[in-house]
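K.L.:
Sharing upload_31.txt here; it has compact mmCIF, C-alpha atoms.
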```
# COMPACT_ATOMS: atom_id res chain seq x y z
CA MET N 1 152.71 72.81 73.63
CA HIS N 2 149.64 73.33 71.46
CA LEU N 3 147.45 73.27 74.60
CA VAL N 4 149.55 75.99 76.22
CA ARG N 5 149.33 78.09 73.09
CA HIS N 6 145.55 77.74 72.93
CA TYR N 7 145.32 78.53 76.63
CA VAL N 8 147.35 81.74 76.18
CA LEU N 9 145.23 82.83 73.22
CA ALA N 10 142.01 82.11 75.10
CA LEU N 11 143.25 84.03 78.14
CA ALA N 12 144.25 86.96 75.98
CA PHE N 13 140.83 86.98 74.32
CA LEU N 14 139.13 86.87 77.72
CA LEU N 15 141.22 89.81 78.93
CA VAL N 16 140.21 91.79 75.87
CA LEU N 17 136.54 91.13 76.59
CA LEU N 18 136.89 92.09 80.24
CA ALA N 19 138.90 95.18 79.42
CA ALA N 20 136.23 96.58 77.10
CA PRO N 21 133.68 97.53 79.78
CA LEU N 22 136.48 98.83 82.01
CA SER N 23 137.67 101.11 79.24
CA VAL N 24 134.15 102.48 78.92
CA LEU N 25 134.20 103.28 82.64
CA ALA N 26 137.62 104.87 82.29
CA ASP N 27 136.33 107.12 79.51
CA CYS N 28 133.30 108.10 81.60
CA PRO N 29 134.01 108.16 85.36
CA GLY N 30 130.82 108.34 87.40
CA ASN N 31 128.66 106.97 84.58
CA LEU N 32 125.04 106.78 85.78
CA LEU N 33 123.83 104.51 82.97
CA VAL N 34 123.28 100.78 83.23
CA ASN N 35 124.87 98.75 80.41
CA PRO N 36 126.34 101.86 78.73
CA GLY N 37 128.59 99.80 76.38
CA PHE N 38 125.79 97.38 75.31
CA GLU N 39 127.93 94.48 76.50
CA ASP N 40 125.54 92.97 79.08
CA GLY N 41 123.25 90.91 76.85
CA LYS N 42 120.14 91.37 74.73
CA TYR N 43 116.42 90.58 74.71
CA LYS N 44 113.63 90.16 72.16
CA GLY N 45 112.05 93.45 71.18
CA GLU N 46 108.60 91.95 70.80
CA GLN N 47 108.35 92.05 74.61
CA VAL N 48 108.10 95.83 74.40
CA GLY N 49 106.09 96.16 71.18
CA THR N 50 108.59 95.94 68.29
CA SER N 51 108.53 93.45 65.43
CA LEU N 52 109.37 89.81 66.13
CA SER N 53 112.81 90.07 64.53
CA SER N 54 114.08 92.94 66.71
CA TRP N 55 116.68 92.64 69.48
CA LEU N 56 117.68 95.25 72.05
CA SER N 57 120.46 95.52 74.61
CA VAL N 58 119.27 94.95 78.17
CA ASN N 59 118.23 98.02 80.17
CA TRP N 60 117.44 99.95 76.99
CA LEU N 61 113.92 100.47 75.55
CA PRO N 62 112.83 101.32 71.97
CA TRP N 63 110.69 104.18 70.74
CA ALA N 64 109.40 105.12 67.26
CA ILE N 65 106.90 107.23 65.38
CA LEU N 66 105.10 104.80 63.09
CA GLY N 67 103.91 105.62 59.58
CA ASP N 68 103.49 103.58 56.41
CA GLN N 69 105.76 101.25 54.48
CA GLN N 70 107.86 104.06 53.05
CA ILE N 71 107.68 107.04 55.43
CA ASN N 72 108.41 106.37 59.11
CA ARG N 73 108.30 102.64 58.57
CA GLU N 74 108.56 100.41 61.64
CA ILE N 75 112.26 99.78 62.06
CA GLU N 76 114.33 96.81 63.07
CA PHE N 77 116.56 96.83 66.16
CA PHE N 78 119.64 94.67 66.21
CA VAL N 79 122.57 94.04 68.57
CA VAL N 80 125.77 93.99 66.50
CA ASP N 81 128.40 91.37 67.36
CA SER N 82 131.82 92.36 66.02
CA GLN N 83 132.96 88.72 66.12
CA ILE N 84 130.30 87.70 63.63
CA LEU N 85 130.22 90.62 61.21
CA GLN N 86 132.46 90.44 58.16
CA GLU N 87 133.66 94.00 58.84
CA GLY N 88 134.52 93.05 62.45
CA THR N 89 134.95 96.00 64.83
CA TYR N 90 134.23 98.53 62.08
CA ARG N 91 130.59 98.76 63.24
CA VAL N 92 131.51 98.75 66.95
CA HIS N 93 133.17 101.70 68.61
CA GLN N 94 134.60 99.78 71.56
CA GLY N 95 134.19 96.31 73.07
CA ARG N 96 132.32 93.56 71.26
CA TYR N 97 128.73 94.83 70.87
CA ALA N 98 126.83 97.87 69.64
CA GLN N 99 123.15 98.71 69.19
CA LYS N 100 121.79 99.19 65.67
CA PHE N 101 118.45 100.19 64.14
CA PHE N 102 117.63 100.45 60.44
CA SER N 103 115.06 100.32 57.64
CA ALA N 104 115.35 99.53 53.90
CA TYR N 105 113.87 101.63 51.08
CA SER N 106 112.11 103.76 53.68
CA THR N 107 112.60 106.45 56.26
CA HIS N 108 112.19 106.10 60.00
CA HIS N 109 111.96 108.31 63.09
CA ALA N 110 113.09 106.23 66.03
CA GLY N 111 115.67 105.45 68.72
CA PHE N 112 116.07 103.95 72.18
CA TYR N 113 116.19 105.32 75.73
CA GLN N 114 116.94 104.71 79.41
CA ARG N 115 115.48 106.35 82.54
CA VAL N 116 117.98 107.14 85.31
CA PRO N 117 117.58 108.38 88.94
CA VAL N 118 119.37 111.66 89.70
CA THR N 119 119.33 114.50 92.22
CA PRO N 120 117.07 117.37 91.12
CA GLY N 121 118.97 120.53 90.22
CA VAL N 122 122.21 118.85 89.10
CA ARG N 123 123.60 119.39 85.63
CA VAL N 124 123.42 116.18 83.60
CA THR N 125 125.44 115.55 80.45
CA PHE N 126 124.68 112.71 78.06
CA SER N 127 127.03 111.61 75.30
CA ILE N 128 127.07 108.65 72.92
CA TRP N 129 129.06 107.56 69.85
CA VAL N 130 127.25 106.94 66.55
CA GLN N 131 128.09 105.77 63.01
CA ILE N 132 125.78 106.30 60.02
CA ALA N 133 125.46 103.95 57.02
CA THR N 134 123.21 105.23 54.23
CA GLY N 135 122.79 105.46 50.46
CA GLN N 136 121.13 104.03 47.39
CA VAL N 137 124.13 102.10 46.07
CA GLU N 138 126.37 99.74 48.05
CA GLN N 139 129.94 100.95 48.13
CA TRP N 140 133.04 99.29 49.61
CA ASN N 141 136.48 100.30 50.73
CA GLY N 142 138.20 96.94 50.35
CA ILE N 143 136.25 94.82 52.82
CA LEU N 144 134.64 97.79 54.55
CA PRO N 145 131.22 99.10 53.45
CA LEU N 146 130.81 102.80 52.76
CA SER N 147 127.83 105.16 52.69
CA ASP N 148 126.76 106.32 49.27
CA LEU N 149 127.10 110.07 49.65
CA ASN N 150 126.10 110.64 46.02
CA GLU N 151 122.57 109.43 46.84
CA PRO N 152 122.38 109.49 50.62
CA GLY N 153 119.31 109.33 52.80
CA ASN N 154 120.30 112.66 54.41
CA TYR N 155 120.40 110.67 57.64
CA ARG N 156 120.49 112.81 60.79
CA VAL N 157 121.18 111.71 64.36
CA TRP N 158 120.68 113.32 67.81
CA ALA N 159 121.22 112.67 71.51
CA GLY N 160 118.60 113.91 73.94
CA ILE N 161 117.71 114.33 77.64
CA ASP N 162 114.27 114.73 79.15
CA PRO N 163 115.05 116.67 82.37
CA TYR N 164 111.72 115.56 83.92
CA GLY N 165 112.33 111.87 83.39
CA ASP N 166 109.27 111.32 81.19
CA THR N 167 109.11 108.28 78.90
CA PRO N 168 106.93 107.47 75.87
CA PRO N 169 103.66 105.82 76.94
CA GLY N 170 104.42 102.90 74.62
CA PHE N 171 106.16 101.85 71.43
CA GLY N 172 104.83 104.06 68.64
CA ALA N 173 104.86 107.26 70.76
CA PRO N 174 107.59 109.94 70.58
CA PRO N 175 109.68 111.35 73.45
CA SER N 176 108.21 114.18 75.52
CA ALA N 177 108.25 117.70 74.11
CA ASN N 178 110.41 118.63 77.13
CA THR N 179 113.32 116.66 75.71
CA VAL N 180 116.47 118.72 75.09
CA TRP N 181 118.28 117.60 71.93
CA SER N 182 121.86 117.99 70.81
CA ALA N 183 122.76 119.62 67.52
CA PRO N 184 122.10 117.13 64.71
CA VAL N 185 124.85 115.43 62.72
CA ILE N 186 124.14 114.46 59.09
CA ASP N 187 125.67 111.56 57.13
CA ARG N 188 127.98 113.79 55.05
CA GLU N 189 129.67 115.01 58.22
CA THR N 190 130.74 111.52 59.25
CA ARG N 191 132.92 110.71 56.24
CA MET N 192 136.52 110.28 57.49
CA LEU N 193 139.87 108.73 56.50
CA ASP N 194 141.55 105.77 58.16
CA ASP N 195 145.26 105.57 59.00
CA GLN N 196 146.08 104.64 55.38
CA GLY N 197 144.05 107.58 54.02
CA HIS N 198 141.11 105.45 52.85
CA PRO N 199 137.57 106.80 53.22
CA ILE N 200 135.44 105.28 56.00
CA ASP N 201 132.15 105.90 57.79
CA GLY N 202 133.51 107.53 60.92
CA TRP N 203 132.27 107.43 64.50
CA VAL N 204 131.14 110.78 65.92
CA LYS N 205 130.27 111.75 69.46
CA LEU N 206 126.95 113.45 70.25
CA THR N 207 126.67 115.43 73.49
CA VAL N 208 123.81 117.26 75.21
CA SER N 209 123.53 118.87 78.65
CA THR N 210 120.73 120.27 80.81
CA ILE N 211 119.57 120.71 84.43
CA ALA N 212 117.62 117.87 86.06
CA GLN N 213 114.12 119.00 87.03
CA SER N 214 113.06 115.80 88.78
CA ASN N 215 114.34 112.73 90.60
CA TYR N 216 114.80 111.11 87.17
CA VAL N 217 116.07 112.03 83.73
CA THR N 218 115.59 110.05 80.53
CA VAL N 219 118.30 109.86 77.86
CA PHE N 220 117.36 109.29 74.22
CA THR N 221 118.96 108.52 70.88
CA LYS N 222 117.25 109.53 67.64
CA GLY N 223 117.83 108.69 63.97
CA GLN N 224 115.83 110.21 61.12
CA PRO N 225 116.70 109.90 57.42
CA GLU N 226 115.03 112.26 55.00
CA PHE N 227 114.93 110.06 51.88
CA PRO N 228 113.79 106.42 51.54
CA VAL N 229 117.00 105.06 50.00
CA LYS N 230 118.04 101.40 49.99
CA ASN N 231 120.03 101.56 53.23
CA ASN N 232 119.28 103.78 56.23
CA SER N 233 121.11 102.45 59.31
CA SER N 234 122.79 103.82 62.43
CA PHE N 235 125.11 102.14 64.98
CA TRP N 236 125.37 103.32 68.60
CA ASP N 237 127.96 102.58 71.31
CA ASP N 238 129.64 103.79 74.53
CA ALA N 239 126.93 105.89 76.13
CA CYS N 240 127.78 108.13 79.09
CA LEU N 241 125.65 110.08 81.56
CA VAL N 242 127.33 112.13 84.28
CA ALA N 243 126.01 114.60 86.84
CA SER N 244 127.95 117.61 88.06
CA ALA N 245 127.40 119.99 90.97
CA PRO N 246 124.28 122.13 90.68
CA PRO N 247 124.86 125.56 89.17
CA THR N 248 123.76 127.23 92.43
CA ALA N 249 127.41 128.24 92.91
CA THR N 250 127.08 130.55 89.89
CA PRO N 251 124.09 132.49 91.27
CA ALA N 252 126.00 132.91 94.60
CA PRO N 253 128.22 135.66 93.12
CA THR N 254 125.04 137.28 91.85
CA ASN N 255 123.79 137.44 95.45
CA THR N 256 126.93 139.30 96.60
CA PRO N 257 125.89 142.49 94.76
CA SER N 258 122.65 142.44 96.77
CA PRO N 259 124.39 143.98 99.82
CA THR N 260 125.27 146.96 97.60
CA PRO N 261 121.59 147.82 97.09
CA GLU N 262 121.21 147.58 100.90
CA ALA N 263 123.97 150.20 101.28
CA THR N 264 122.16 152.33 98.72
CA SER N 265 118.97 152.05 100.73
CA THR N 266 120.76 153.36 103.87
CA PRO N 267 121.39 156.81 102.41
CA LEU N 268 117.77 157.03 101.34
CA PRO N 269 116.48 157.44 104.93
CA SER N 270 119.07 160.20 105.53
CA ALA N 271 117.80 161.96 102.42
CA THR N 272 114.25 161.72 103.71
CA PRO N 273 114.89 163.60 106.97
CA THR N 274 116.83 166.27 105.04
CA ALA N 275 113.81 166.75 102.79
CA THR N 276 111.51 166.92 105.84
CA ALA N 277 113.74 169.46 107.59
CA THR N 278 113.88 171.68 104.54
CA PRO N 279 110.11 172.14 104.21
CA THR N 280 109.76 172.61 107.98
CA ALA N 281 112.43 175.32 108.05
CA THR N 282 110.92 177.02 105.03
CA ALA N 283 107.48 176.95 106.63
CA THR N 284 108.74 178.64 109.83
CA PRO N 285 110.33 181.64 108.09
CA THR N 286 107.31 181.97 105.86
CA ALA N 287 105.16 182.29 108.96
CA SER N 288 107.50 184.94 110.46
CA PRO N 289 106.57 187.52 107.81
CA THR N 290 103.01 187.28 109.09
CA PRO N 291 103.97 188.71 112.48
CA SER N 292 105.71 191.63 110.71
CA PRO N 293 102.32 193.18 109.85
CA THR N 294 101.44 192.61 113.50
CA GLU N 295 104.48 194.69 114.42
CA THR N 296 103.12 197.40 112.13
CA ALA N 297 99.95 197.24 114.20
CA THR N 298 102.03 197.66 117.37
CA ALA N 299 103.61 200.64 115.60
CA THR N 300 100.12 202.16 115.40
CA PRO N 301 100.08 202.64 119.18
CA THR N 302 103.05 205.01 118.70
CA PRO N 303 100.57 207.81 118.13
CA LEU N 304 99.26 206.96 121.61
CA PRO N 305 102.24 208.65 123.18
CA THR N 306 100.97 211.74 121.26
CA GLU N 307 97.76 211.31 123.13
CA THR N 308 99.84 211.37 126.24
CA LEU N 309 99.84 215.08 125.45
CA ALA N 310 96.52 214.68 127.09
CA PRO N 311 98.56 215.74 130.09
CA THR N 312 97.71 219.08 128.47
CA ALA N 313 94.57 218.21 130.19
CA THR N 314 96.79 218.74 133.16
CA PRO N 315 94.75 221.85 133.41
CA GLU N 316 92.91 219.34 135.59
CA PRO N 317 95.49 220.23 138.19
CA THR N 318 93.99 223.69 137.69
CA ALA N 319 91.45 222.24 139.95
CA THR N 320 94.14 223.03 142.45
CA PRO N 321 92.92 226.62 142.35
CA LEU N 322 89.81 225.23 143.98
CA PRO N 323 91.46 225.28 147.32
CA PRO N 324 91.65 229.03 147.13
CA VAL N 325 87.92 228.94 146.60
CA GLU N 326 87.63 226.83 149.70
CA GLU N 327 89.83 229.32 151.42
CA VAL N 328 87.43 232.05 150.40
CA GLU N 329 84.56 230.12 151.97
CA PRO N 330 85.60 230.72 155.51
CA ALA N 331 85.79 234.40 154.74
CA ALA N 332 82.22 234.44 153.52
CA THR N 333 80.74 232.29 156.27
CA GLY N 334 79.31 235.20 157.92
CA GLY N 335 77.79 236.84 154.76
CA SER N 336 74.59 236.41 152.96
CA ASP N 337 73.72 234.00 150.12
CA LEU N 338 74.42 236.78 147.65
CA ALA N 339 77.88 237.16 149.00
CA LEU N 340 78.40 233.36 148.62
CA TYR N 341 77.12 233.48 145.06
CA LEU N 342 79.42 236.39 144.21
CA ALA N 343 82.30 234.67 145.90
CA GLY N 344 81.66 231.47 143.88
CA GLY N 345 81.39 233.45 140.66
CA GLY N 346 84.57 235.28 141.44
CA ALA N 347 86.38 232.04 142.06
CA ALA N 348 85.17 230.70 138.76
CA LEU N 349 86.26 233.90 137.05
CA ILE N 350 89.66 233.77 138.64
CA ALA N 351 89.99 230.06 137.63
CA PHE N 352 89.02 230.87 134.08
CA ALA N 353 91.40 233.80 133.90
CA GLY N 354 94.23 231.75 135.37
CA GLY N 355 93.67 228.95 132.81
CA TRP N 356 93.53 231.45 129.98
CA LEU N 357 96.78 233.08 131.03
CA LEU N 358 98.49 229.68 131.41
CA ARG N 359 97.48 228.61 127.85
CA GLY N 360 98.65 231.90 126.50
CA ARG N 361 102.08 231.39 128.04
CA ARG N 362 102.37 227.87 126.54
CA ARG N 363 101.43 229.08 123.10
CA GLY N 364 103.96 231.81 123.38
CA ARG N 365 106.64 229.29 124.22
CA ALA N 366 105.54 227.15 121.31
CA ASP N 367 105.82 230.17 118.98
CA ARG N 368 109.35 230.75 120.20
```
Take the structure in the file and give it back as C-alpha cells.

P.N.:
Amino acid sequence: MHLVRHYVLALAFLLVLLAAPLSVLADCPGNLLVNPGFEDGKYKGEQVGTSLSSWLSVNWLPWAILGDQQINREIEFFVVDSQILQEGTYRVHQGRYAQKFFSAYSTHHAGFYQRVPVTPGVRVTFSIWVQIATGQVEQWNGILPLSDLNEPGNYRVWAGIDPYGDTPPGFGAPPSANTVWSAPVIDRETRMLDDQGHPIDGWVKLTVSTIAQSNYVTVFTKGQPEFPVKNNSSFWDDACLVASAPPTATPAPTNTPSPTPEATSTPLPSATPTATATPTATATPTASPTPSPTETATATPTPLPTETLAPTATPEPTATPLPPVEEVEPAATGGSDLALYLAGGGAALIAFAGGWLLRGRRRGRADR
C-alpha cells in the first residue's frame, strides 16, 4: 500500500516536471528559442569567461560591462532550483528552474543572450518574465523575501533584440549599438499583492519587437541597478521569440495609389498638345496681319486703271487720218516735189486741226 502511494506521488511529480516545458510551449506557440524555460540543464560559466562560481542555463551566454568592486562589479550567474530554495517557486515563474544574476553591495550592468536563425525581413518579438529583488535591508513577508523599497537599488531591467544578429566579442563587452531595447521596468513597479493581499515581488513581462535585418537575430536580457545596495538581484524565466509575416503586406496598399499618379500623368500629354496648338494658331493669325499691308500695296495699283485713261492717247488712232494722206499721194504722183511737200504739210495741218477739234469736243462734254 505504501509502495503504491509512493509510486502515485512520484508519477504525479514526474508529470508536473514534464508539463512545465509543455506549458511554456503552449504560452508561446512557434517559439524559436532553444531552452526558453531554462529547464534543460546548466554549465559552468568559467567556460565562457565568468567567475568560477557562476552557472548558466545551456544554450544561453553571459555578457557584462566590467568595472571595479563597487560600480559595474563582475556579477554572479546562478540557475535557481525551486525544489531547493526555501521560498520554493516564488523565484521561478513556471517549471522548476530560472536564471539569476546578482551582485552584493555593488552595481552591475549585465545579462545573457541567445543567437537565433530567422528569415530576413520578418517581424520578431521577444518577451521574457523577470522578478527583481533589491534593497539595503532584508525584508520578509512570512517566509517570502521582499525588496526593500525604502532603500532600493533603483534596479532596472530590459529585454532587447539585435536585428543583425551581432553578439558581444567576449565576456566583458556590451551588446551591439544596433540592439533595440524594450521600455525599462524599475523595482518599484514590480511590487504586487498575492491572493491574500500580502505584498510580494511580482513577476513582470518585458516585450520588444523589431524587423530582422539578417539571417540571425540575437535576444538579450539586461539588468542595471543604480545604487550599490546590499542586494541587487534579478530572476528570469519563460523566454519567447516568435516571428510573424513580413510587413510587406502593409506597403502593398501604399502601392495601390501609385496607379492614380499614372492616371494623372495621362492628362498631362493631352494638355501638352493643347498648349502646342494654341501657340501655333496664335502665330498663324499674327502672320495674317502682315499680308494686309501687302493688300494695301495691291490697292496702290488701283490708280493704274486711271492710267488706263492713257487710251486718251487713243489719239494714236488719229494716225488713222494718215490713210487720207496716203490717198492724197496718188493724186500728187504726177506733180512736182513742191506739190508733194505742200500735200504733206496740208495733211499734217489737217491732222492737227482734226485732233484739236476732237479734244475741244471732249472738253466740252466734260464741262457739261

K.L.:
With all atoms listed in the file counted, which protein, DNA or RNA residues have an atom no more than 12 Å from (133.4, 104.0, 57.4) in the file frame? Please answer as a PyMOL selection string.

P.N.:
chain N and resi 87+89-93+130-134+139-149+187-194+197-204+234-235

K.L.:
Using all atoms listed in the file for the distances, tell me which of N:Ser106, N:Thr221, N:Ser214, N:Asn35 is nearest to Pro62 in chain N.

P.N.:
N:Thr221

K.L.:
Do you have the CA of Gly45 in chain N-CA of Phe77 in chain N distance handy?

P.N.:
7.5 Å

K.L.:
Quick one: of N:Tyr164, N:Trp181, N:Tyr155, N:Trp55, who's nearest to Thr107 in chain N, counting all atoms listed in the file?

P.N.:
N:Tyr155

K.L.:
Find the spatial neighbours of Val229 in chain N, counting all atoms listed in the file, within a cut-off of 8 Å - ignore same-chain residues fewer than 3 positions away - and output them as a list in words.

P.N.:
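Contacts, with the query itself left out: Ala104, Tyr105, Ser106, Thr107, Thr134, Gly135, Gln136, Glu151, Pro152, Gly153 and Asn232 of chain N.
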
K.L.:
Find the residue from N:Gly111, N:Gly88, N:Pro184, N:Gly95 that sits nearest to Leu56 in chain N; use all atoms listed in the file when measuring.

P.N.:
N:Gly111

K.L.:
May I ask which of the residues N:Gln224, N:Asn59, N:Ser176, N:Ser103 is the closest one to Phe78 in chain N, counting only C-alpha atoms?

P.N.:
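Under the stated criterion, the closest residue is N:Ser103.
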
K.L.:
To one decimal in Å, tell me the separation between CA of Asn154 in chain N and CA of Phe227 in chain N.

P.N.:
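These atoms are spaced 6.5 Å apart.
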
K.L.:
Separation of CA of Asn231 in chain N and CA of Glu74 in chain N, in Å?

P.N.:
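If I compute the distance from CA of Asn231 in chain N to CA of Glu74 in chain N, I get 14.3 Å.
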
K.L.:
Step by step: start from the point (117.3, 103.1, 73.5) in the file's coordinates, keep every protein, DNA or RNA residue that has an atom no farther than 12 Å from it, count only C-alpha atoms, and write the set as a PyMOL selection string.

P.N.:
chain N and resi 33-36+38+45+48+55-64+77-79+98-101+110-115+128+159-161+167-168+171+175+218-223+235-237+239

K.L.:
Please list as a ChimeraX atom specification every residue within 6 Å of Pro163 in chain N, counting only C-alpha atoms and excluding residues in the same chain fewer than 5 positions away.

P.N.:
/N:212-213,217

K.L.:
Using only C-alpha atoms, which of the listed residues (N:His108, N:Gly67, N:Val124, N:Gly49) sits closest to Leu241 in chain N?

P.N.:
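Residue with the minimum atom-to-atom distance to Leu241 in chain N: N:Val124.
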
K.L.:
Please fill the gaps in range 146-155 of chain N so it has all heavy atoms, and write that as a PDB file, in the coordinates of the input.

P.N.:
```
ATOM      1  N   LEU N 146     130.820 101.336  52.680  1.00  0.00           N
ATOM      2  CA  LEU N 146     130.810 102.800  52.760  1.00  0.00           C
ATOM      3  C   LEU N 146     129.417 103.343  52.448  1.00  0.00           C
ATOM      4  O   LEU N 146     128.680 102.763  51.656  1.00  0.00           O
ATOM      5  CB  LEU N 146     131.784 103.404  51.758  1.00  0.00           C
ATOM      6  CG  LEU N 146     133.279 103.304  52.059  1.00  0.00           C
ATOM      7  CD1 LEU N 146     134.070 103.836  50.875  1.00  0.00           C
ATOM      8  CD2 LEU N 146     133.626 104.085  53.323  1.00  0.00           C
ATOM      9  N   SER N 147     129.076 104.475  53.040  1.00  0.00           N
ATOM     10  CA  SER N 147     127.830 105.160  52.690  1.00  0.00           C
ATOM     11  C   SER N 147     127.935 105.751  51.300  1.00  0.00           C
ATOM     12  O   SER N 147     129.015 106.197  50.873  1.00  0.00           O
ATOM     13  CB  SER N 147     127.550 106.289  53.701  1.00  0.00           C
ATOM     14  OG  SER N 147     127.271 105.768  54.980  1.00  0.00           O
ATOM     15  N   ASP N 148     126.827 105.722  50.597  1.00  0.00           N
ATOM     16  CA  ASP N 148     126.760 106.320  49.270  1.00  0.00           C
ATOM     17  C   ASP N 148     126.365 107.790  49.444  1.00  0.00           C
ATOM     18  O   ASP N 148     125.189 108.108  49.585  1.00  0.00           O
ATOM     19  CB  ASP N 148     125.726 105.573  48.420  1.00  0.00           C
ATOM     20  CG  ASP N 148     125.529 106.214  47.049  1.00  0.00           C
ATOM     21  OD1 ASP N 148     126.345 107.091  46.680  1.00  0.00           O
ATOM     22  OD2 ASP N 148     124.549 105.856  46.368  1.00  0.00           O
ATOM     23  N   LEU N 149     127.376 108.657  49.433  1.00  0.00           N
ATOM     24  CA  LEU N 149     127.100 110.070  49.650  1.00  0.00           C
ATOM     25  C   LEU N 149     126.670 110.790  48.388  1.00  0.00           C
ATOM     26  O   LEU N 149     126.358 111.991  48.428  1.00  0.00           O
ATOM     27  CB  LEU N 149     128.325 110.756  50.263  1.00  0.00           C
ATOM     28  CG  LEU N 149     128.730 110.230  51.657  1.00  0.00           C
ATOM     29  CD1 LEU N 149     129.913 111.023  52.199  1.00  0.00           C
ATOM     30  CD2 LEU N 149     127.562 110.242  52.630  1.00  0.00           C
ATOM     31  N   ASN N 150     126.647 110.067  47.243  1.00  0.00           N
ATOM     32  CA  ASN N 150     126.100 110.640  46.020  1.00  0.00           C
ATOM     33  C   ASN N 150     124.567 110.618  46.060  1.00  0.00           C
ATOM     34  O   ASN N 150     123.918 111.525  45.548  1.00  0.00           O
ATOM     35  CB  ASN N 150     126.592 109.866  44.800  1.00  0.00           C
ATOM     36  CG  ASN N 150     128.093 109.993  44.621  1.00  0.00           C
ATOM     37  OD1 ASN N 150     128.660 111.089  44.791  1.00  0.00           O
ATOM     38  ND2 ASN N 150     128.769 108.885  44.304  1.00  0.00           N
ATOM     39  N   GLU N 151     124.023 109.544  46.644  1.00  0.00           N
ATOM     40  CA  GLU N 151     122.570 109.430  46.840  1.00  0.00           C
ATOM     41  C   GLU N 151     122.299 109.002  48.288  1.00  0.00           C
ATOM     42  O   GLU N 151     121.854 107.888  48.541  1.00  0.00           O
ATOM     43  CB  GLU N 151     121.962 108.414  45.873  1.00  0.00           C
ATOM     44  CG  GLU N 151     122.046 108.806  44.407  1.00  0.00           C
ATOM     45  CD  GLU N 151     121.356 107.771  43.518  1.00  0.00           C
ATOM     46  OE1 GLU N 151     120.105 107.764  43.505  1.00  0.00           O
ATOM     47  OE2 GLU N 151     122.062 106.970  42.879  1.00  0.00           O
ATOM     48  N   PRO N 152     122.561 109.867  49.207  1.00  0.00           N
ATOM     49  CA  PRO N 152     122.380 109.490  50.620  1.00  0.00           C
ATOM     50  C   PRO N 152     120.927 109.650  51.054  1.00  0.00           C
ATOM     51  O   PRO N 152     120.106 110.239  50.350  1.00  0.00           O
ATOM     52  CB  PRO N 152     123.282 110.477  51.346  1.00  0.00           C
ATOM     53  CG  PRO N 152     123.212 111.717  50.507  1.00  0.00           C
ATOM     54  CD  PRO N 152     123.098 111.237  49.075  1.00  0.00           C
ATOM     55  N   GLY N 153     120.653 109.140  52.228  1.00  0.00           N
ATOM     56  CA  GLY N 153     119.310 109.330  52.800  1.00  0.00           C
ATOM     57  C   GLY N 153     119.179 110.649  53.551  1.00  0.00           C
ATOM     58  O   GLY N 153     118.117 110.943  54.087  1.00  0.00           O
ATOM     59  N   ASN N 154     120.270 111.459  53.550  1.00  0.00           N
ATOM     60  CA  ASN N 154     120.300 112.660  54.410  1.00  0.00           C
ATOM     61  C   ASN N 154     119.913 112.249  55.842  1.00  0.00           C
ATOM     62  O   ASN N 154     119.008 112.801  56.465  1.00  0.00           O
ATOM     63  CB  ASN N 154     119.365 113.747  53.903  1.00  0.00           C
ATOM     64  CG  ASN N 154     120.009 114.572  52.800  1.00  0.00           C
ATOM     65  OD1 ASN N 154     121.145 114.322  52.379  1.00  0.00           O
ATOM     66  ND2 ASN N 154     119.279 115.542  52.283  1.00  0.00           N
ATOM     67  N   TYR N 155     120.663 111.270  56.333  1.00  0.00           N
ATOM     68  CA  TYR N 155     120.400 110.670  57.640  1.00  0.00           C
ATOM     69  C   TYR N 155     120.969 111.572  58.742  1.00  0.00           C
ATOM     70  O   TYR N 155     122.153 111.869  58.762  1.00  0.00           O
ATOM     71  CB  TYR N 155     121.044 109.272  57.692  1.00  0.00           C
ATOM     72  CG  TYR N 155     120.495 108.352  58.758  1.00  0.00           C
ATOM     73  CD1 TYR N 155     119.961 107.115  58.417  1.00  0.00           C
ATOM     74  CD2 TYR N 155     120.550 108.689  60.104  1.00  0.00           C
ATOM     75  CE1 TYR N 155     119.471 106.245  59.379  1.00  0.00           C
ATOM     76  CE2 TYR N 155     120.064 107.834  61.082  1.00  0.00           C
ATOM     77  CZ  TYR N 155     119.512 106.626  60.715  1.00  0.00           C
ATOM     78  OH  TYR N 155     119.032 105.772  61.679  1.00  0.00           O
TER      79      TYR N 155
END
```
